[in-house]
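Novice: Sharing work_3.tsv here; it has TSV, C-alpha atoms and all ligand atoms.
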chain	number	residue	atom	x	y	z
A	1	MET	CA	70.00	-176.62	179.48
A	2	GLN	CA	70.63	-180.30	180.11
A	3	PRO	CA	67.54	-182.14	178.95
A	4	SER	CA	67.05	-185.62	180.31
A	5	CYS	CA	64.56	-188.35	179.63
A	6	LYS	CA	63.00	-189.69	182.82
A	7	LYS	CA	62.70	-193.18	181.44
A	8	CYS	CA	65.18	-193.94	178.72
A	9	CYS	CA	66.55	-192.12	175.69
A	10	ASN	CA	65.52	-194.90	173.38
A	11	PHE	CA	61.99	-194.68	174.58
A	12	VAL	CA	59.86	-194.42	171.46
A	13	GLY	CA	58.06	-191.13	171.34
A	14	CYS	CA	60.25	-189.58	174.03
A	15	LYS	CA	59.74	-185.88	173.40
A	16	LEU	CA	62.75	-184.95	175.54
A	17	ASN	CA	64.98	-187.05	173.35
A	18	LYS	CA	63.67	-185.23	170.25
A	19	THR	CA	64.61	-182.00	171.90
A	20	THR	CA	68.19	-183.20	172.53
A	21	MET	CA	68.57	-184.27	168.96
A	22	LEU	CA	67.20	-181.01	167.67
A	23	LEU	CA	69.56	-179.05	169.89
A	24	GLU	CA	72.52	-181.03	168.67
A	25	LYS	CA	71.51	-180.44	165.09
A	26	ILE	CA	71.19	-176.71	165.73
A	27	GLU	CA	74.67	-176.55	167.25
A	28	ALA	CA	76.22	-178.58	164.42
A	29	LEU	CA	74.57	-176.23	161.95
A	30	ARG	CA	75.90	-173.18	163.78
A	31	GLY	CA	79.41	-174.58	163.32
A	32	LYS	CA	78.86	-175.14	159.62
A	33	LEU	CA	77.31	-171.74	159.05
A	34	ASN	CA	80.31	-170.02	160.56
A	35	GLU	CA	82.57	-171.77	158.06
A	36	LEU	CA	80.56	-171.05	154.91
A	37	LYS	CA	82.50	-170.01	151.81
A	38	ALA	CA	81.39	-168.87	148.37
A	39	ASP	CA	83.01	-166.59	145.84
A	40	ASN	CA	80.43	-166.36	143.13
A	41	GLU	CA	76.72	-165.95	142.66
A	42	GLU	CA	76.10	-169.62	141.80
A	43	ALA	CA	77.81	-170.93	144.93
A	44	LEU	CA	75.83	-168.47	147.07
A	45	GLU	CA	72.54	-169.54	145.54
A	46	ALA	CA	73.47	-173.17	146.22
A	47	LEU	CA	74.02	-172.31	149.89
A	48	ARG	CA	70.72	-170.48	150.11
A	49	ILE	CA	68.91	-173.50	148.68
A	50	LYS	CA	70.80	-175.89	150.98
A	51	TYR	CA	69.83	-174.04	154.17
A	52	LEU	CA	66.95	-171.64	153.67
A	53	SER	CA	64.75	-172.88	150.83
A	54	LYS	CA	61.53	-174.86	151.37
A	55	LYS	CA	63.48	-178.09	151.31
A	56	GLY	CA	66.47	-176.58	153.11
A	57	GLU	CA	68.06	-177.92	156.31
A	58	ILE	CA	66.73	-175.11	158.52
A	59	THR	CA	63.19	-175.41	157.20
A	60	ALA	CA	63.42	-179.13	158.04
A	61	LEU	CA	64.37	-178.27	161.63
A	62	PHE	CA	61.30	-176.09	161.91
A	63	ALA	CA	59.24	-179.13	160.88
A	64	GLU	CA	60.77	-181.16	163.69
A	65	PHE	CA	60.02	-178.34	166.10
A	66	LYS	CA	56.33	-179.25	166.30
A	67	ASP	CA	57.22	-182.44	168.24
A	68	VAL	CA	59.02	-180.51	170.95
A	69	PRO	CA	57.14	-180.59	174.32
A	70	PRO	CA	55.38	-177.29	175.03
A	71	GLU	CA	57.58	-176.40	178.04
A	72	GLN	CA	60.69	-176.40	175.83
A	73	LYS	CA	59.15	-174.74	172.82
A	74	ARG	CA	60.06	-171.22	173.94
A	75	GLU	CA	63.75	-171.86	174.33
A	76	LEU	CA	64.13	-174.05	171.24
A	77	GLY	CA	62.03	-171.72	169.13
A	78	GLN	CA	64.39	-168.92	170.06
A	79	LYS	CA	67.42	-171.01	169.06
A	80	LEU	CA	65.82	-171.98	165.78
A	81	ASN	CA	65.06	-168.36	164.94
A	82	GLU	CA	68.61	-167.46	165.87
A	83	ILE	CA	70.03	-170.06	163.53
A	84	LYS	CA	67.79	-168.93	160.71
A	85	THR	CA	68.90	-165.33	161.20
A	86	LEU	CA	72.52	-166.47	161.36
A	87	ALA	CA	72.20	-168.33	158.05
A	88	THR	CA	70.57	-165.35	156.36
A	89	GLU	CA	73.21	-163.00	157.72
A	90	ARG	CA	76.12	-165.24	156.75
A	91	ILE	CA	74.88	-165.62	153.19
A	92	ASN	CA	74.29	-161.88	152.87
A	93	ALA	CA	77.72	-161.15	154.31
A	94	LEU	CA	79.34	-163.55	151.82
A	95	ARG	CA	77.50	-161.85	148.98
A	96	GLU	CA	78.78	-158.45	150.08
A	97	SER	CA	82.37	-159.58	150.44
A	98	TYR	CA	82.38	-161.34	147.09
A	99	LYS	CA	80.94	-158.26	145.41
A	100	GLY	CA	83.61	-156.17	147.10
A	101	GLN	CA	86.30	-158.51	145.83
A	102	ALA	CA	84.97	-158.36	142.30
A	103	LYS	CA	85.02	-154.57	142.49
A	104	GLU	CA	88.60	-154.70	143.74
A	105	GLN	CA	89.55	-156.97	140.87
A	106	ASN	CA	87.98	-154.68	138.28
A	107	LYS	CA	89.91	-151.70	139.49
A	108	ILE	CA	92.82	-151.01	137.16
A	109	ASP	CA	95.95	-149.83	138.85
A	110	ILE	CA	97.57	-147.75	136.15
A	111	THR	CA	100.74	-147.32	138.18
A	112	ARG	CA	101.57	-151.04	138.06
A	113	PRO	CA	104.45	-151.99	135.77
A	114	GLY	CA	103.24	-153.76	132.61
A	115	PHE	CA	103.93	-157.38	131.73
A	116	PRO	CA	106.65	-157.66	129.09
A	117	ALA	CA	105.27	-158.98	125.80
A	118	GLU	CA	106.33	-162.59	125.08
A	119	VAL	CA	108.63	-162.48	122.11
A	120	GLY	CA	109.13	-165.54	119.95
A	121	THR	CA	112.43	-167.28	119.45
A	122	ARG	CA	114.48	-167.62	116.31
A	123	HIS	CA	114.45	-171.07	114.78
A	124	PRO	CA	117.76	-172.87	115.48
A	125	LEU	CA	118.37	-173.27	111.75
A	126	SER	CA	117.92	-169.52	111.27
A	127	VAL	CA	120.31	-168.84	114.14
A	128	VAL	CA	123.02	-171.03	112.62
A	129	ARG	CA	122.36	-169.85	109.05
A	130	LYS	CA	122.89	-166.29	110.25
A	131	GLN	CA	126.12	-167.24	112.04
A	132	ILE	CA	127.46	-168.88	108.88
A	133	ILE	CA	126.39	-166.01	106.63
A	134	ASP	CA	128.01	-163.52	109.03
A	135	ILE	CA	131.34	-165.35	108.89
A	136	PHE	CA	131.41	-165.33	105.09
A	137	THR	CA	130.08	-161.81	104.60
A	138	ARG	CA	132.93	-160.57	106.82
A	139	LEU	CA	135.24	-162.18	104.23
A	140	GLY	CA	133.59	-160.29	101.38
A	141	PHE	CA	131.09	-162.91	100.16
A	142	THR	CA	127.69	-161.61	99.08
A	143	LEU	CA	124.35	-163.40	99.20
A	144	ALA	CA	122.78	-164.95	96.12
A	145	GLU	CA	119.41	-166.67	95.84
A	146	GLY	CA	117.58	-168.66	93.23
A	147	PRO	CA	114.38	-170.64	92.63
A	148	GLU	CA	113.55	-173.94	94.37
A	149	VAL	CA	111.78	-175.28	91.28
A	150	GLU	CA	114.58	-175.56	88.74
A	151	ASP	CA	115.33	-176.91	85.30
A	152	ASP	CA	117.70	-179.79	84.74
A	153	TRP	CA	120.34	-177.50	83.27
A	154	HIS	CA	120.94	-175.49	86.45
A	155	VAL	CA	120.77	-178.42	88.86
A	156	PHE	CA	122.60	-181.06	86.81
A	157	SER	CA	123.72	-180.47	83.21
A	158	ALA	CA	125.62	-177.21	83.71
A	159	LEU	CA	127.32	-178.84	86.70
A	160	ASN	CA	128.82	-181.63	84.66
A	161	PHE	CA	126.43	-184.41	85.73
A	162	ALA	CA	126.42	-187.09	83.06
A	163	ALA	CA	123.01	-187.90	81.57
A	164	ASP	CA	122.99	-191.21	83.42
A	165	HIS	CA	124.31	-189.87	86.73
A	166	PRO	CA	122.48	-191.58	89.63
A	167	ALA	CA	121.67	-188.26	91.33
A	168	ARG	CA	119.24	-187.60	88.48
A	169	ASP	CA	117.42	-190.78	89.40
A	170	MET	CA	113.95	-190.99	90.92
A	171	GLN	CA	115.47	-192.07	94.21
A	172	ASP	CA	117.17	-188.74	94.72
A	173	THR	CA	115.27	-186.11	92.88
A	174	PHE	CA	111.70	-184.89	93.02
A	175	PHE	CA	110.42	-184.29	89.54
A	176	ILE	CA	107.92	-181.61	88.70
A	177	GLU	CA	108.02	-182.62	85.03
A	178	GLN	CA	109.93	-185.69	83.93
A	179	ASN	CA	110.92	-186.22	80.35
A	180	LYS	CA	111.87	-189.86	79.70
A	181	ASP	CA	113.44	-189.28	76.26
A	182	ASP	CA	115.44	-186.18	77.12
A	183	VAL	CA	116.46	-185.78	80.75
A	184	THR	CA	117.81	-182.30	80.07
A	185	ARG	CA	114.22	-181.11	79.73
A	186	ASN	CA	113.22	-182.20	83.23
A	187	ILE	CA	111.88	-179.74	85.78
A	188	VAL	CA	112.85	-180.65	89.36
A	189	LEU	CA	112.92	-179.46	92.93
A	190	ARG	CA	116.57	-178.43	93.31
A	191	SER	CA	118.59	-181.04	95.16
A	192	HIS	CA	121.40	-178.61	95.99
A	193	THR	CA	121.93	-174.86	95.87
A	194	SER	CA	124.78	-175.25	93.37
A	195	SER	CA	122.06	-174.25	90.89
A	196	VAL	CA	122.31	-170.70	92.25
A	197	GLN	CA	126.04	-170.71	91.49
A	198	VAL	CA	125.30	-171.59	87.87
A	199	ARG	CA	122.70	-168.82	87.63
A	200	THR	CA	125.20	-166.31	89.02
A	201	MET	CA	128.02	-167.43	86.70
A	202	GLU	CA	125.68	-167.11	83.72
A	203	ARG	CA	124.79	-163.56	84.62
A	204	ARG	CA	128.15	-162.19	85.71
A	205	GLN	CA	131.81	-162.34	84.90
A	206	PRO	CA	134.38	-162.87	87.69
A	207	PRO	CA	135.37	-161.86	90.22
A	208	ILE	CA	132.48	-163.72	91.81
A	209	ARG	CA	132.36	-164.29	95.55
A	210	ILE	CA	128.94	-165.50	96.71
A	211	ILE	CA	127.23	-167.72	99.22
A	212	CYS	CA	123.88	-169.27	98.43
A	213	PRO	CA	121.67	-170.27	101.35
A	214	GLY	CA	118.47	-172.11	100.61
A	215	ARG	CA	116.16	-175.05	100.97
A	216	VAL	CA	116.87	-178.17	98.93
A	217	TYR	CA	114.88	-181.35	98.34
A	218	ARG	CA	115.81	-185.01	98.08
A	219	ASN	CA	113.54	-187.96	97.75
A	220	GLU	CA	114.42	-189.76	100.97
A	221	ALA	CA	112.31	-191.50	103.59
A	222	ILE	CA	111.91	-189.26	106.65
A	223	THR	CA	113.88	-190.61	109.60
A	224	ALA	CA	115.91	-189.18	112.48
A	225	ARG	CA	118.90	-188.93	110.12
A	226	ALA	CA	117.36	-188.03	106.77
A	227	HIS	CA	114.59	-185.75	105.56
A	228	CYS	CA	113.00	-184.98	102.23
A	229	PHE	CA	114.15	-181.38	102.52
A	230	PHE	CA	116.97	-179.61	104.28
A	231	HIS	CA	118.93	-176.39	104.10
A	232	GLN	CA	122.26	-175.72	102.49
A	233	ILE	CA	124.74	-172.94	102.16
A	234	GLU	CA	127.06	-173.17	99.21
A	235	GLY	CA	129.95	-170.85	98.48
A	236	LEU	CA	131.67	-169.94	95.23
A	237	TYR	CA	134.77	-167.87	94.56
A	238	ILE	CA	136.04	-167.29	91.04
A	239	ASP	CA	138.86	-164.97	90.07
A	240	LYS	CA	142.27	-165.01	88.43
A	241	GLY	CA	144.73	-167.29	90.20
A	242	VAL	CA	142.43	-168.82	92.83
A	243	THR	CA	144.03	-171.98	94.23
A	244	PHE	CA	143.25	-174.89	96.50
A	245	ALA	CA	145.36	-173.16	99.19
A	246	ASP	CA	142.86	-170.25	99.19
A	247	LEU	CA	140.02	-172.71	99.67
A	248	LYS	CA	141.77	-174.42	102.53
A	249	GLN	CA	142.57	-171.17	104.31
A	250	VAL	CA	139.01	-169.85	104.02
A	251	LEU	CA	137.58	-173.12	105.32
A	252	LEU	CA	140.01	-173.20	108.25
A	253	HIS	CA	138.98	-169.66	109.15
A	254	PHE	CA	135.32	-170.64	108.87
A	255	ALA	CA	135.71	-173.70	111.11
A	256	GLN	CA	137.57	-171.73	113.77
A	257	GLU	CA	135.01	-168.91	113.75
A	258	LEU	CA	132.20	-171.43	114.10
A	259	TYR	CA	133.61	-173.93	116.59
A	260	GLY	CA	136.40	-171.98	118.30
A	261	PRO	CA	140.06	-171.04	117.62
A	262	GLU	CA	141.42	-174.44	118.66
A	263	THR	CA	139.50	-176.19	115.86
A	264	GLN	CA	141.52	-178.01	113.23
A	265	ILE	CA	140.46	-179.21	109.80
A	266	ARG	CA	141.45	-182.00	107.48
A	267	LEU	CA	140.57	-182.55	103.84
A	268	ARG	CA	139.91	-186.00	102.43
A	269	PRO	CA	139.85	-186.66	98.67
A	270	SER	CA	136.32	-187.10	97.37
A	271	TYR	CA	134.30	-186.82	94.19
A	272	PHE	CA	131.73	-184.33	92.89
A	273	PRO	CA	130.96	-183.99	89.16
A	274	PHE	CA	131.40	-180.20	89.30
A	275	THR	CA	134.71	-179.93	91.15
A	276	GLU	CA	138.19	-181.25	90.42
A	277	PRO	CA	139.94	-181.99	92.69
A	278	SER	CA	137.17	-182.56	95.22
A	279	ALA	CA	137.38	-183.04	98.95
A	280	GLU	CA	135.35	-183.58	102.05
A	281	MET	CA	136.24	-181.56	105.09
A	282	ASP	CA	136.35	-182.83	108.67
A	283	VAL	CA	136.77	-180.67	111.77
A	284	SER	CA	138.38	-181.83	114.98
A	285	CYS	CA	135.63	-183.20	117.22
A	286	MET	CA	133.95	-180.37	119.13
A	287	LEU	CA	133.27	-182.64	122.10
A	288	CYS	CA	136.65	-184.27	122.75
A	289	GLY	CA	138.87	-181.80	120.86
A	290	GLY	CA	140.28	-184.61	118.71
A	291	GLU	CA	141.11	-187.11	121.46
A	292	GLY	CA	138.47	-189.55	120.25
A	293	CYS	CA	135.06	-190.12	121.88
A	294	GLY	CA	131.73	-191.81	121.25
A	295	PHE	CA	130.44	-188.75	119.38
A	296	CYS	CA	133.21	-188.81	116.72
A	297	LYS	CA	133.21	-192.63	116.73
A	298	HIS	CA	136.70	-192.48	118.29
A	299	THR	CA	138.25	-190.93	115.18
A	300	GLY	CA	138.67	-187.41	116.61
A	301	TRP	CA	137.11	-185.97	113.41
A	302	VAL	CA	133.59	-185.02	112.29
A	303	GLU	CA	132.64	-184.44	108.66
A	304	ILE	CA	130.99	-181.09	107.93
A	305	LEU	CA	131.17	-180.16	104.23
A	306	GLY	CA	132.09	-180.94	100.63
A	307	CYS	CA	134.32	-178.71	98.51
A	308	GLY	CA	136.72	-178.52	95.58
A	309	MET	CA	138.11	-176.48	92.70
A	310	VAL	CA	135.39	-175.67	90.17
A	311	ASP	CA	135.79	-178.01	87.21
A	312	PRO	CA	136.86	-176.01	84.09
A	313	ALA	CA	133.98	-177.62	82.18
A	314	VAL	CA	131.53	-175.99	84.64
A	315	LEU	CA	133.11	-172.57	84.12
A	316	GLU	CA	132.94	-172.99	80.34
A	317	ALA	CA	129.28	-174.18	80.48
A	318	SER	CA	128.37	-170.87	82.10
A	319	GLY	CA	130.42	-168.72	79.74
A	320	ILE	CA	133.51	-168.14	81.90
A	321	ASP	CA	136.93	-168.54	80.28
A	322	SER	CA	138.62	-171.33	82.20
A	323	THR	CA	142.03	-170.44	80.78
A	324	VAL	CA	141.84	-167.08	82.55
A	325	TYR	CA	139.83	-167.86	85.67
A	326	SER	CA	139.77	-170.52	88.32
A	327	GLY	CA	137.69	-170.90	91.43
A	328	TYR	CA	136.63	-172.97	94.37
A	329	ALA	CA	133.24	-174.03	95.69
A	330	PHE	CA	132.00	-175.59	98.89
A	331	GLY	CA	128.65	-176.72	100.23
A	332	LEU	CA	127.34	-177.58	103.65
A	333	GLY	CA	124.07	-178.63	105.26
A	334	ILE	CA	122.81	-176.20	107.89
A	335	GLU	CA	121.01	-179.02	109.75
A	336	ARG	CA	124.26	-180.93	110.11
A	337	ILE	CA	126.16	-177.89	111.45
A	338	THR	CA	123.29	-177.16	113.86
A	339	ASN	CA	123.20	-180.77	115.07
A	340	LEU	CA	126.90	-180.62	115.80
A	341	LYS	CA	126.59	-177.30	117.59
A	342	TYR	CA	123.52	-178.07	119.71
A	343	MET	CA	123.61	-181.88	119.76
A	344	VAL	CA	120.15	-182.25	118.24
A	345	LYS	CA	119.73	-185.98	117.67
A	346	ASP	CA	116.65	-186.07	115.47
A	347	LEU	CA	116.39	-184.10	112.22
A	348	ARG	CA	112.60	-184.15	112.38
A	349	MET	CA	112.67	-181.79	115.36
A	350	PHE	CA	113.59	-178.97	112.99
A	351	SER	CA	110.32	-179.10	111.08
A	352	GLU	CA	107.83	-180.20	113.75
A	353	ASN	CA	107.53	-176.75	115.31
A	354	ASP	CA	107.30	-178.10	118.84
A	355	VAL	CA	107.39	-174.94	120.95
A	356	ARG	CA	109.19	-176.75	123.79
A	357	PHE	CA	112.06	-177.54	121.42
A	358	LEU	CA	112.15	-174.07	119.86
A	359	ASP	CA	112.07	-172.44	123.30
A	360	GLU	CA	115.38	-174.06	124.18
A	361	PHE	CA	117.09	-171.70	121.73
A	362	ARG	CA	115.77	-168.58	123.44
A	363	SER	CA	119.26	-167.39	124.34
A	364	ALA	CA	120.99	-168.48	121.12
A	365	HIS	CA	121.18	-165.44	118.87
A	401	LIG	N1	126.49	-179.59	96.05
A	401	LIG	C1	127.14	-180.55	96.91
A	401	LIG	C2	126.06	-181.33	97.66
A	401	LIG	O1	124.93	-180.92	97.66
A	401	LIG	C3	128.05	-179.91	97.89
A	401	LIG	C4	129.23	-179.25	97.26
A	401	LIG	C5	129.19	-177.94	96.84
A	401	LIG	C6	130.39	-179.98	97.05
A	401	LIG	C7	130.28	-177.34	96.23
A	401	LIG	C8	131.49	-179.39	96.48
A	401	LIG	C9	131.43	-178.09	96.06
A	401	LIG	O2	126.34	-182.35	98.24
Using structure tokens, write down the structure from this file.
Ligand code: PHE
Specialist:
Amino acid sequence: MQPSCKKCCNFVGCKLNKTTMLLEKIEALRGKLNELKADNEEALEALRIKYLSKKGEITALFAEFKDVPPEQKRELGQKLNEIKTLATERINALRESYKGQAKEQNKIDITRPGFPAEVGTRHPLSVVRKQIIDIFTRLGFTLAEGPEVEDDWHVFSALNFAADHPARDMQDTFFIEQNKDDVTRNIVLRSHTSSVQVRTMERRQPPIRIICPGRVYRNEAITARAHCFFHQIEGLYIDKGVTFADLKQVLLHFAQELYGPETQIRLRPSYFPFTEPSAEMDVSCMLCGGEGCGFCKHTGWVEILGCGMVDPAVLEASGIDSTVYSGYAFGLGIERITNLKYMVKDLRMFSENDVRFLDEFRSAH
């Protein structure tokens, strides 16, 4: 039907023009109704209200219908009824299909393969601690552990620290109980795991071949390069005729197992109260192989541990005859070894438990 106004479409009160507008609205609505989408009960109810309720769009069209001239009422009435039926049908159809989908979703297909359970990752420090322990246990070292809250004797006195040694100072050590008049009665958080070596020497006679992994505490401000706690592994070997050459050979083996067979070591003289002579050990830079690069500050070497021959006074303090026995000891920080292996720049990452960081070690076992 092509309705036309005899006078003009802007003619106020032109019933024909009303009819045209109504027809256009009906057609536009038909288009919209065919595109309707809803996948839950709330969305469907919203559609029903939008189109079919008392204030809905279709009800509004019926209100306009009363202005349609009588000769067009039949045809338009039919179209209006059609559109109302269409809306009802579309909404019902959507309800059916959404219910069908929900049913489909609830069906459990027991033949589908299951999802593998997400397993956690080992902490990088645990990974490296295990690697280090494995290397030494293959050489016959056994594990020894001791308390983190220690007395002064096991952390300092038995290890030849003078009463006024700066390591005993507030700046280094956390005190649980501090005794101003007699430092040997202090109770502290251990600042190294050498305390476990003392405990072992007190309990046993040589041969002693142990490694002591554990957490240690030092009173330092927390930065990217220092933390108030970290993890150490210390080693101790005491027997008849143990020499510095034994120490050197064991440490070379350790470095090559850890960083590869090409790795070289060098020992620099150093000082620890409990060893004499004492040394610090460097390994050839794992990035440039010793050529010199930014990482090793162009020296070709990176420091990894402290070591030395156990001072006879330390053996005697624990009841071991230093005229019969000699021994070596070494100590390293697990964080430092891990940093060098995985290039972790910031120490704080190890204790923040950021899953994104920990996840990066998924394959390192
Ligand atoms: N205990 C020393 C430290 O914590 C390391 C070390 C152990 C040095 C054994 C020599 C021998 O720094």
Novice: Mind listing the residues within 6 Å of ligand LIG 401 (chain A), all atoms listed in the file counted, as a count of residues only?
Specialist: 9
Novice: To one decimal place, how far is CA of Phe244 (chain A) from CA of His231 (chain A) in Å?
Specialist: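 These atoms are spaced 25.5 Å apart.
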Novice: Have a look at A:Gly77, A:Pro273, A:Gly100, A:Gly140 and name the one nearest to Val250 (chain A); count all atoms listed in the file.
Specialist: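 Looking at the shortest contact to Val250 (chain A), the residue is A:Gly140.
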Novice: Would you mind reading off the distance between CA of Ala102 (chain A) and CA of Lys50 (chain A), one decimal, in Å?
Specialist: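 That distance, rounded to one decimal, is 24.2 Å.
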Novice: Just checking: using all atoms listed in the file, which residue out of A:Ala226, A:Ile108, A:Ser363, A:Gln205 ends up closest to Lys240 (chain A)?
Specialist: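 Of the candidates, the smallest distance to Lys240 (chain A) is held by A:Gln205.
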Novice: So how far away is CA of Val324 (chain A) from CA of Ala158 (chain A), in Å?
Specialist: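 Separating CA of Ala158 (chain A) from CA of Val324 (chain A) is a distance of 19.2 Å.
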Novice: Point out the residue among A:Val68, A:Val127, A:Leu94, A:Leu305 with the least atom-to-atom distance to Thr20 (chain A), counting all atoms listed in the file.
Specialist: A:Val68
Novice: Can you tell me which residues surround Val344 (chain A) at a distance of at most 12 Å, considering all atoms listed in the file, apart from same-chain residues fewer than 2 positions away, and format the answer as a VMD selection string?
Specialist: chain A and resid 124 to 125 224 to 225 335 to 342 346 to 350 357 to 358 360 to 361
Novice: Rank A:Arg74, A:Lys55, A:Arg356, A:Lys79 by their smallest atom-to-atom distance to Lys25 (chain A), using all atoms listed in the file, and report the top residue only.
Specialist: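 Comparing A:Arg74, A:Lys55, A:Arg356, A:Lys79 against Lys25 (chain A), the winner is A:Lys79.
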Novice: Let me make sure I understand: among A:Phe161, A:Phe229, A:Phe141, A:Phe62, which one has the smallest atom-to-atom distance to Phe174 (chain A) if we use all atoms listed in the file?
Specialist: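 Smallest distance to Phe174 (chain A) is found for A:Phe229.
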